[in-house]
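One file, work-v4.txt, carrying compact mmCIF, C-alpha atoms:
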# COMPACT_ATOMS: atom_id res chain seq x y z
CA MET E 1 137.99 288.07 188.37
CA LYS E 2 141.39 286.92 187.29
CA ILE E 3 142.27 283.27 187.29
CA THR E 4 145.80 282.30 186.40
CA GLU E 5 145.31 280.06 183.41
CA LYS E 6 148.80 278.64 183.57
CA ILE E 7 148.20 277.27 187.04
CA LEU E 8 145.11 275.47 185.81
CA THR E 9 146.68 274.11 182.64
CA HIS E 10 149.69 272.95 184.60
CA PHE E 11 147.48 271.11 187.06
CA GLN E 12 145.57 269.49 184.23
CA SER E 13 148.70 268.20 182.50
CA CYS E 14 150.73 267.19 185.53
CA ASN E 15 150.93 263.60 186.69
CA SER E 16 148.42 263.79 189.52
CA PRO E 17 145.63 261.24 189.02
CA VAL E 18 142.95 261.73 186.40
CA ASP E 19 139.78 260.53 188.04
CA LYS E 20 137.78 260.05 184.88
CA GLU E 21 138.00 260.99 181.24
CA GLY E 22 136.02 260.40 178.12
CA TYR E 23 133.75 261.94 175.53
CA LEU E 24 130.66 263.79 176.53
CA TYR E 25 128.37 266.06 174.59
CA LYS E 26 128.14 269.57 175.92
CA LYS E 27 125.38 271.99 175.10
CA GLY E 28 126.73 275.36 174.16
CA GLU E 29 125.60 278.57 175.80
CA ARG E 30 124.84 280.53 172.67
CA ASN E 31 124.96 277.79 170.10
CA THR E 32 122.42 275.42 171.60
CA SER E 33 123.53 272.31 169.79
CA TYR E 34 125.46 269.66 171.63
CA GLN E 35 129.16 269.55 170.85
CA LYS E 36 131.28 266.49 171.41
CA ARG E 37 134.15 267.24 173.75
CA TRP E 38 136.84 265.27 175.57
CA PHE E 39 136.40 265.73 179.30
CA MET E 40 138.95 265.11 182.04
CA LEU E 41 137.98 265.09 185.69
CA LYS E 42 140.78 265.85 188.09
CA ALA E 43 140.07 266.59 191.73
CA ASN E 44 137.15 269.04 191.76
CA LEU E 45 137.89 270.36 188.29
CA LEU E 46 136.34 269.24 185.04
CA PHE E 47 138.51 270.17 182.07
CA TYR E 48 137.46 269.83 178.47
CA LYS E 49 138.97 270.06 175.02
CA ASP E 50 138.18 269.04 171.46
CA ARG E 51 140.03 265.75 171.29
CA PRO E 52 142.26 263.80 173.65
CA ASN E 53 145.33 264.45 171.56
CA HIS E 54 144.69 268.16 171.16
CA HIS E 55 146.94 270.18 173.34
CA ASP E 56 144.85 273.23 174.12
CA LEU E 57 142.20 273.18 176.78
CA LEU E 58 138.92 274.76 175.80
CA GLY E 59 137.74 275.26 179.33
CA VAL E 60 137.33 274.12 182.89
CA ILE E 61 134.33 273.79 185.18
CA VAL E 62 134.98 274.12 188.91
CA LEU E 63 132.71 271.57 190.53
CA GLU E 64 131.92 273.33 193.78
CA GLY E 65 128.42 274.27 194.76
CA CYS E 66 126.61 272.38 192.06
CA SER E 67 124.22 269.50 192.04
CA VAL E 68 124.13 266.81 189.40
CA GLN E 69 120.70 266.14 187.97
CA LEU E 70 119.09 263.99 185.36
CA CYS E 71 117.48 266.20 182.82
CA GLU E 72 115.19 265.87 179.91
CA SER E 73 116.67 266.78 176.61
CA GLU E 74 116.58 265.97 172.92
CA GLU E 75 119.79 264.16 173.67
CA GLN E 76 119.67 260.76 175.26
CA PHE E 77 121.65 260.03 178.44
CA ALA E 78 121.61 263.69 179.40
CA PHE E 79 122.40 265.12 182.80
CA SER E 80 123.19 268.56 184.07
CA LEU E 81 125.38 270.40 186.52
CA VAL E 82 123.18 272.92 188.27
CA TRP E 83 124.22 275.91 190.32
CA SER E 84 121.34 277.35 192.25
CA GLY E 85 122.77 279.08 195.31
CA GLU E 86 122.13 282.53 193.90
CA PRO E 87 120.27 283.99 190.95
CA GLY E 88 122.10 284.15 187.66
CA LEU E 89 124.18 281.04 188.07
CA ARG E 90 124.56 278.54 185.26
CA THR E 91 123.41 275.09 184.34
CA TYR E 92 125.68 272.99 182.18
CA LYS E 93 123.88 270.42 180.10
CA LEU E 94 125.85 267.33 179.24
CA ALA E 95 125.07 264.02 177.60
CA ALA E 96 126.87 260.71 177.59
CA GLU E 97 127.12 258.20 174.78
CA ASP E 98 125.28 255.43 176.58
CA GLN E 99 123.61 254.67 179.88
CA PRO E 100 126.59 253.09 181.67
CA SER E 101 128.69 256.09 180.77
CA GLN E 102 125.95 258.43 181.98
CA GLU E 103 125.77 256.61 185.27
CA SER E 104 129.51 256.52 185.66
CA TRP E 105 129.95 260.21 184.98
CA ILE E 106 127.12 261.24 187.29
CA ARG E 107 128.65 259.17 190.03
CA ALA E 108 132.11 260.63 189.49
CA LEU E 109 130.89 264.22 189.33
CA LEU E 110 128.73 263.94 192.42
CA SER E 111 131.66 262.87 194.53
CA ALA E 112 134.24 265.18 193.01
CA ASN E 113 133.73 268.10 195.33
CA HIS E 114 136.21 269.05 198.00
CA GLY E 115 133.83 268.62 200.92
CA TYR E 116 133.06 265.03 200.04
CA LEU E 117 136.71 264.07 200.14
CA ALA E 118 137.27 266.11 203.28
CA ALA E 119 134.44 264.33 205.07
CA LEU E 120 135.71 260.95 203.96
CA VAL E 121 139.26 261.69 205.11
CA MET E 122 137.97 262.86 208.46
CA ASP E 123 135.97 259.68 208.81
CA LEU E 124 138.94 257.47 207.97
CA GLU E 125 141.17 259.45 210.27
CA LYS E 126 138.82 258.64 213.13
CA GLN E 127 138.72 254.97 212.17
CA TYR E 128 142.51 254.96 211.95
CA LYS E 129 142.91 256.42 215.43
CA GLU E 130 140.47 253.88 216.83
CA ALA E 131 142.28 251.08 215.05
CA MET E 132 145.59 252.26 216.48
CA LYS E 133 144.19 251.92 219.97
CA VAL E 134 142.81 248.45 219.40
CA PHE E 135 145.66 247.09 217.32
CA PRO E 136 148.81 248.91 218.43
CA GLY E 137 150.88 246.53 216.37
CA ASP E 138 154.59 246.73 215.78
CA PRO E 139 155.74 250.37 215.85
CA SER E 140 158.51 249.61 213.39
CA GLN E 141 155.89 248.63 210.86
CA GLN E 142 154.11 251.90 211.10
CA SER E 143 153.98 254.08 208.04
CA THR E 144 154.55 257.74 208.43
CA LEU E 145 152.20 260.42 207.34
CA ALA E 146 153.65 263.74 206.39
CA GLY E 147 151.93 266.38 208.44
CA PRO E 148 151.05 269.93 207.52
CA ASN E 149 154.42 271.17 208.67
CA THR E 150 156.11 269.94 205.57
CA GLU E 151 156.70 272.50 202.95
CA ARG E 152 155.29 270.66 200.03
CA PRO E 153 151.57 270.19 199.97
CA THR E 154 152.10 266.95 198.12
CA PRO E 155 154.41 265.08 200.50
CA SER E 156 155.57 261.60 199.77
CA LEU E 157 154.08 259.03 202.08
CA ILE E 158 156.53 256.42 203.13
CA TRP E 159 155.20 252.94 203.48
CA LEU E 160 157.68 251.07 205.64
CA ASN E 161 155.58 247.96 205.44
CA SER E 162 155.94 247.27 201.77
CA GLY E 163 154.27 243.91 202.14
CA THR E 164 150.82 245.46 202.21
CA ALA E 165 148.75 244.23 199.31
CA THR E 166 147.43 246.84 196.95
CA LEU E 167 143.92 247.52 197.96
CA SER E 168 142.63 247.48 194.42
CA GLN E 169 143.21 243.77 194.45
CA TYR E 170 141.83 243.24 197.89
CA PRO E 171 139.20 240.52 197.78
CA GLY E 172 135.95 241.69 199.29
CA PRO E 173 134.63 239.51 202.10
CA GLY E 174 131.30 238.95 200.48
CA VAL E 175 130.02 242.47 200.85
CA GLU E 176 127.77 243.41 197.98
CA ALA E 177 129.74 245.33 195.44
CA GLY E 178 127.41 248.20 195.87
CA HIS E 179 124.47 249.41 193.94
CA SER E 180 125.60 250.24 190.48
CA PHE E 181 123.77 253.50 190.76
CA ARG E 182 125.22 254.61 194.02
CA THR E 183 126.08 258.24 193.85
CA TYR E 184 127.14 260.76 196.39
CA GLN E 185 126.62 264.39 196.83
CA MET E 186 127.45 266.94 199.44
CA LEU E 187 124.11 267.88 200.85
CA GLN E 188 123.43 271.09 202.66
CA ALA E 189 123.29 269.11 205.85
CA PRO E 190 123.20 270.34 209.42
CA PRO E 191 126.43 270.44 211.42
CA ILE E 192 128.18 267.59 213.15
CA SER E 193 126.04 264.61 213.84
CA SER E 194 126.84 262.73 217.00
CA LYS E 195 125.82 259.45 215.48
CA PRO E 196 128.44 256.74 215.47
CA THR E 197 129.74 255.49 212.18
CA ASN E 198 127.30 253.21 210.45
CA LYS E 199 129.19 250.12 209.48
CA ARG E 200 126.31 248.10 208.15
CA SER E 201 126.28 246.80 204.63
CA PRO E 202 124.15 248.81 202.21
CA LYS E 203 121.60 246.02 202.08
CA LEU E 204 120.75 246.53 205.71
CA TRP E 205 119.98 250.23 205.52
CA PRO E 206 116.54 251.09 206.80
CA LYS E 207 114.10 251.79 204.02
CA ARG E 208 113.40 255.44 203.68
CA ASN E 209 110.21 257.19 202.86
CA ALA E 210 110.60 258.71 199.45
CA ASN E 211 108.64 261.71 200.56
CA VAL E 212 111.08 262.52 203.27
CA VAL E 213 112.36 266.04 203.88
CA PRO E 214 113.96 267.63 200.80
CA ILE E 215 117.67 268.11 200.51
CA ASN E 216 117.78 271.74 201.45
CA VAL E 217 117.92 271.58 205.22
CA PRO E 218 118.70 274.84 206.98
CA ALA E 219 122.30 275.86 206.73
CA PRO E 220 124.28 276.67 209.84
CA PRO E 221 124.38 280.33 210.84
CA GLN E 222 127.64 281.29 209.25
CA GLY E 223 126.73 280.99 205.63
CA GLU E 224 124.74 279.57 202.81
CA TRP E 225 126.65 276.35 202.47
CA SER E 226 127.65 274.23 205.37
CA VAL E 227 129.92 271.85 203.62
CA THR E 228 132.14 273.79 201.33
CA GLY E 229 135.01 275.89 202.47
CA SER E 230 134.49 275.79 206.17
CA GLY E 231 135.76 272.25 206.46
CA PRO E 232 133.60 269.17 206.79
CA LYS E 233 130.91 269.67 209.35
CA VAL E 234 129.07 266.45 208.73
CA GLU E 235 129.95 262.89 209.32
CA PHE E 236 130.53 261.02 206.13
CA SER E 237 128.44 258.11 207.37
CA LYS E 238 125.42 260.39 207.69
CA LEU E 239 125.88 261.69 204.18
CA HIS E 240 126.26 258.17 202.98
CA GLU E 241 123.01 257.07 204.61
CA ASP E 242 121.12 259.96 203.15
CA PHE E 243 122.12 258.82 199.73
CA GLY E 244 120.36 255.50 200.25
CA LYS E 245 117.08 257.24 199.59
CA GLU E 246 118.40 259.03 196.51
CA VAL E 247 119.80 255.81 195.15
CA LYS E 248 116.50 253.97 195.49
CA GLU E 249 114.68 256.73 193.69
CA LEU E 250 117.28 256.89 190.97
CA ILE E 251 117.18 253.13 190.40
CA ALA E 252 113.40 253.14 190.27
CA ASP E 253 113.41 256.01 187.88
CA TRP E 254 115.92 254.48 185.50
CA LEU E 255 114.08 251.18 185.47
CA ARG E 256 110.85 252.96 184.76
CA ARG E 257 112.40 254.80 181.86
CA GLY E 258 113.78 251.64 180.44
CA GLN E 259 110.37 249.98 180.43
CA GLU E 260 108.18 252.83 179.40
CA ASP E 261 110.45 254.91 177.24
CA VAL E 262 108.28 257.88 177.95
CA ILE E 263 109.57 261.37 177.60
CA GLN E 264 108.50 263.47 180.52
CA GLU E 265 108.36 267.17 180.73
CA GLU E 266 110.30 268.17 183.77
CA ASP E 267 113.44 267.20 185.59
CA LEU E 268 112.92 263.91 187.30
CA ILE E 269 115.39 263.74 190.09
CA ASP E 270 116.60 266.79 191.88
CA PHE E 271 119.66 266.11 193.91
CA GLY E 272 120.18 269.70 194.75
CA MET R 1 140.36 279.19 178.32
CA ARG R 2 136.81 279.39 179.58
CA PHE R 3 135.86 278.82 183.17
CA ASN R 4 132.69 279.15 185.20
CA GLU R 5 133.54 282.56 186.57
CA LYS R 6 130.20 283.49 188.12
CA GLU R 7 130.04 280.22 189.97
CA LEU R 8 133.60 280.62 191.17
CA ILE R 9 132.80 284.13 192.39
CA SER R 10 129.83 282.65 194.19
CA LEU R 11 132.20 280.16 195.79
CA SER R 12 134.32 283.04 197.04
CA ARG R 13 131.32 284.23 199.04
CA GLN R 14 130.94 280.95 200.91
CA PRO R 15 132.14 280.32 204.46
CA SER R 16 135.88 280.04 204.37
CA GLU R 17 138.38 277.97 206.21
CA ARG R 18 140.41 281.06 206.87
CA ALA R 19 140.16 284.72 205.92
CA ALA R 20 142.22 287.74 206.89
CA GLU R 21 143.65 290.93 205.60
CA LEU R 22 147.25 290.27 204.66
CA GLY R 23 149.97 292.02 202.77
CA MET R 24 150.16 290.41 199.36
CA ARG R 25 152.72 290.75 196.63
CA GLY R 26 152.24 289.35 193.17
CA PRO R 27 154.81 287.29 191.28
CA LYS R 28 155.83 289.79 188.64
CA LYS R 29 158.93 291.87 188.86
CA GLY R 30 158.01 295.29 190.17
CA ASP R 31 154.95 294.05 192.04
CA VAL R 32 154.68 295.64 195.46
CA VAL R 33 152.99 294.54 198.65
CA LYS R 34 149.35 295.56 198.88
CA ARG R 35 146.74 294.95 201.53
CA ARG R 36 144.28 292.33 200.36
CA LEU R 37 141.50 290.36 201.98
CA VAL R 38 142.70 286.82 201.49
CA LYS R 39 140.16 284.03 201.77
CA LEU R 40 140.71 280.30 201.67
CA VAL R 41 137.72 278.37 200.33
CA VAL R 42 138.17 274.69 199.51
CA ASN R 43 141.37 274.52 197.42
CA PHE R 44 141.13 278.08 196.15
CA LEU R 45 142.75 281.15 197.58
CA PHE R 46 140.70 284.21 196.71
CA TYR R 47 142.00 287.70 197.19
CA PHE R 48 139.91 290.86 197.30
CA ARG R 49 140.80 294.50 197.18
CA THR R 50 139.59 295.73 200.54
CA ASP R 51 135.89 296.62 200.43
CA GLU R 52 135.27 295.07 197.05
CA GLU R 53 132.54 292.46 196.66
CA GLU R 54 134.10 290.54 193.84
CA PRO R 55 137.52 288.95 194.22
CA GLN R 56 140.37 290.39 192.23
CA GLY R 57 141.71 286.91 191.66
CA ALA R 58 141.68 283.22 192.55
CA LEU R 59 144.61 280.87 192.96
CA LEU R 60 144.17 277.11 192.66
CA LEU R 61 146.12 275.55 195.51
CA GLU R 62 147.31 272.44 193.74
CA GLN R 63 150.82 271.61 192.60
CA CYS R 64 152.26 274.51 194.54
CA ARG R 65 154.88 274.92 197.21
CA VAL R 66 154.13 276.82 200.41
CA GLU R 67 157.17 278.10 202.26
CA ARG R 68 157.95 280.29 205.20
CA GLU R 69 159.71 283.49 204.28
CA ASP R 70 161.25 285.01 207.42
CA SER R 71 159.31 285.15 210.62
CA GLN R 72 155.94 286.52 209.58
CA ALA R 73 155.58 285.87 205.89
CA PHE R 74 154.97 282.91 203.65
CA SER R 75 155.07 282.37 199.93
CA ILE R 76 153.26 280.17 197.44
CA THR R 77 155.17 279.10 194.36
CA PHE R 78 153.50 277.60 191.32
CA LEU R 79 155.13 275.58 188.58
CA ASP R 80 158.43 275.77 190.42
CA GLU R 81 158.92 279.10 188.77
CA ALA R 82 160.19 282.05 190.72
CA GLU R 83 158.12 284.20 188.37
CA ARG R 84 155.08 282.56 189.90
CA LYS R 85 155.86 283.21 193.54
CA TYR R 86 153.27 285.05 195.59
CA LEU R 87 154.27 286.55 198.92
CA PHE R 88 151.94 287.02 201.90
CA GLU R 89 152.79 289.08 204.96
CA CYS R 90 151.05 288.22 208.20
CA ASP R 91 150.71 290.03 211.49
CA SER R 92 152.37 287.40 213.61
CA GLN R 93 154.43 284.21 213.46
CA GLU R 94 151.46 282.27 214.73
CA GLN R 95 149.11 283.60 212.10
CA CYS R 96 151.72 282.88 209.46
CA GLN R 97 152.07 279.25 210.54
CA GLU R 98 148.31 278.81 210.69
CA TRP R 99 147.98 280.02 207.12
CA ILE R 100 150.72 277.71 205.91
CA ASP R 101 149.11 274.71 207.59
CA SER R 102 145.65 275.57 206.31
CA ILE R 103 146.79 276.04 202.72
CA ILE R 104 148.67 272.76 202.67
CA LYS R 105 145.74 270.90 204.15
CA ALA R 106 143.35 272.47 201.65
CA SER R 107 144.97 270.83 198.66
CA TYR R 108 142.80 268.14 197.12
CA GLU R 109 145.82 266.09 196.23
CA PHE R 110 147.09 266.30 199.80
CA MET R 111 143.73 265.06 201.08
CA ARG R 112 143.71 262.25 198.57
CA LYS R 113 147.12 261.09 199.73
CA ASN R 114 145.96 261.17 203.34
CA LEU R 115 142.97 259.12 202.38
CA ILE R 116 145.07 256.50 200.71
CA PHE R 117 147.37 256.44 203.72
CA TYR R 118 144.50 255.92 206.19
CA ARG R 119 142.89 253.34 203.96
CA THR R 120 146.11 251.38 203.71
CA GLU R 121 146.83 251.63 207.41
CA ILE R 122 143.34 250.65 208.51
CA HIS R 123 143.53 247.68 206.21
CA ARG R 124 146.91 246.74 207.59
CA LEU R 125 145.74 247.02 211.19
CA THR R 126 142.27 245.56 210.96
CA GLY R 127 142.37 243.43 207.83
CA LYS R 128 139.40 245.35 206.48
CA ASP R 129 139.17 247.93 203.74
CA PRO R 130 137.31 250.87 205.30
CA LEU R 131 135.88 251.98 201.97
CA GLU R 132 133.93 248.77 201.58
CA GLN R 133 131.35 249.80 204.14
CA TYR R 134 130.45 252.60 201.74
CA GLY R 135 130.77 250.53 198.62
CA ILE R 136 133.31 252.90 197.13
CA GLU R 137 136.37 250.68 197.27
CA ASP R 138 136.64 250.49 193.50
CA GLU R 139 136.40 254.17 192.80
CA THR R 140 139.33 255.33 190.76
CA ARG R 141 140.00 258.35 192.89
CA PHE R 142 140.76 256.20 195.95
CA GLN R 143 143.09 253.69 194.41
CA VAL R 144 146.55 253.15 195.73
CA THR R 145 148.56 254.31 192.79
CA SER R 146 152.23 254.92 192.53
CA GLY R 147 151.75 258.39 191.19
CA LEU R 148 151.07 257.15 187.68
CA GLN R 149 148.32 258.83 185.80
CA LEU R 150 145.24 256.68 185.56
CA MET R 151 143.27 256.55 182.36
CA PRO R 152 139.87 255.24 183.36
CA LYS R 153 137.66 254.90 180.35
CA ASP R 154 133.92 254.93 180.24
CA ILE R 155 132.32 251.59 180.92
Have the structure of the file written as structure tokens, please.
Amino acid sequence: MKITEKILTHFQSCNSPVDKEGYLYKKGERNTSYQKRWFMLKANLLFYKDRPNHHDLLGVIVLEGCSVQLCESEEQFAFSLVWSGEPGLRTYKLAAEDQPSQESWIRALLSANHGYLAALVMDLEKQYKEAMKVFPGDPSQQSTLAGPNTERPTPSLIWLNSGTATLSQYPGPGVEAGHSFRTYQMLQAPPISSKPTNKRSPKLWPKRNANVVPINVPAPPQGEWSVTGSGPKVEFSKLHEDFGKEVKELIADWLRRGQEDVIQEEDLIDFG
Amino acid sequence: MRFNEKELISLSRQPSERAAELGMRGPKKGDVVKRRLVKLVVNFLFYFRTDEEEPQGALLLEQCRVEREDSQAFSITFLDEAERKYLFECDSQEQCQEWIDSIIKASYEFMRKNLIFYRTEIHRLTGKDPLEQYGIEDETRFQVTSGLQLMPKDI
């Protein structure tokens, strides 16, 4: 299958946001040693090259259809990207330089896929429409959103109300900053849940039985995956709740490893 | 440049946002219109020779311009280069417009901008940051940037 390299390299080098970058060790396919590479995550694409200042890209990994798993390895702080939808698909083994980096990368990679963002946008769109009903506000203050009828797929959004504070500096009203291990993943979840958005703080989530149903719930009739490609069919809040269980397990596991320092034989957490 | 081809081919087999047989013309001089099964999956446009299992090619739908070309056709231009302009012929005006809308909406960067817009607006209207309920308000990918490239380093 042909993929136009120039389109990919252009996307990598253009000024759209880089979501995460840094060194990771990557296990080769034939040469099984780990090689240090500079990785750049942009959208649902993970690019890599030798060094940050090297111009040429070595490769790109499209992050659709994979799960992110902790894995056992000679390397510390290892994790893997696993494709398992069909036979013959790959697993990429990666390792970070320390535990915070490992955690940070896993978190970023889990939420990099298209469906995650699509579900989140859909959720916020609903909240926005509800907010517009409750707080109609001053129409002249309203920002405009470029719709799909514009030619450019990257339209400029015009904020008429330039007094809005940047949200990155927005002081949280006492909500817990979030579990440091919180990670997200598009699960093969059933279609649209009719549950209303869960607005409770993470601390108030009901405790879940760790032996609960595995991640692979039956896919909807039209295909193997329910969340990629066909548009978001799940509510983001449901996805988000389901992660509560994964997070608890992941925290427990990491704490256990820290105390025991025991090498175990098999993969410990399977997100996929 | 290496890429995970098998996994991308697997992606092309997944349920798509939109799929149809269209007339497609490549960007090179001398390319002619050929019937192709065109399939939109996430932010990739796959195209298949009719009756072939594996796609002939995949186009990443980021940093591209989608334009109407007369009443029933649209084009996708990459890198602002005419040499990278793909033409697609549809069967009707309506189908053509639907494809244009779908392709634009499929772009990750377009979705990200929408997200930032909704986040900002909800905050403006309600005083609350909607991402806080999920604890993801500090994630780099959702920050209100001014188009500058972020360089988040490892912790």
Practice problem: For R:Trp99, list every protein, DNA or RNA residue within 10 Å, evaluated using only C-alpha atoms, and leave out those in the same chain fewer than 2 positions away; present the list as a list in words. | Solution: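 So the residues in contact are Glu17, Arg18, Ala19, Ala20, Leu40, Val66, Ala73, Phe74, Phe88, Cys90, Gln93, Glu94, Gln95, Cys96, Gln97, Asp101, Ser102, Ile103, Ile104 and Lys105 of chain R.
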Quiz item: Which chain R residues are at most 6 Å from chain E (counting only C-alpha atoms), as an MDAnalysis selection string?
Solution: chainID R and resid 1:4 15:17 41:42 55:58 65:67 101 104 110 115 122 133 135 140:141 149:150 152 154:155
Practice problem: In Å, rounded to a single decimal, give me how far atom CA of E:Tyr25 is from atom CA of E:Arg37. | Solution: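 So the two atoms, atom CA of E:Arg37 and atom CA of E:Tyr25, lie 6.0 Å apart.
Our summary of the geometry notes that atom CA of R:Met111 is positioned 13.4 Å from atom CA of R:Val144.
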All file atoms of stretch 107-115 of chain R boxed axis-aligned, 5 Å per side, centre plus edges, as JSON:
{"center_x": 145.0, "center_y": 265.0, "center_z": 199.8, "size_x": 14.3, "size_y": 21.7, "size_z": 17.1}
Quiz item: With distances taken over all atoms listed in the file, which of R:Ser12, R:Ser107, R:Thr120, R:Gln63 is nearest to R:Val38?
Solution: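 Comparing R:Ser12, R:Ser107, R:Thr120, R:Gln63 against R:Val38, the winner is R:Ser12.
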Practice problem: Just give me the gap between atom CA of R:Gln143 and atom CA of R:Ile116 in Å, one decimal is fine. | Solution: 7.2 Å
Quiz item: Skipping near chain neighbours, those fewer than 5 positions away, what residues fall within 9 Å of E:Lys26 using all atoms listed in the file, listed as a PyMOL selection string?
Solution: chain E and resi 33-37+92-95
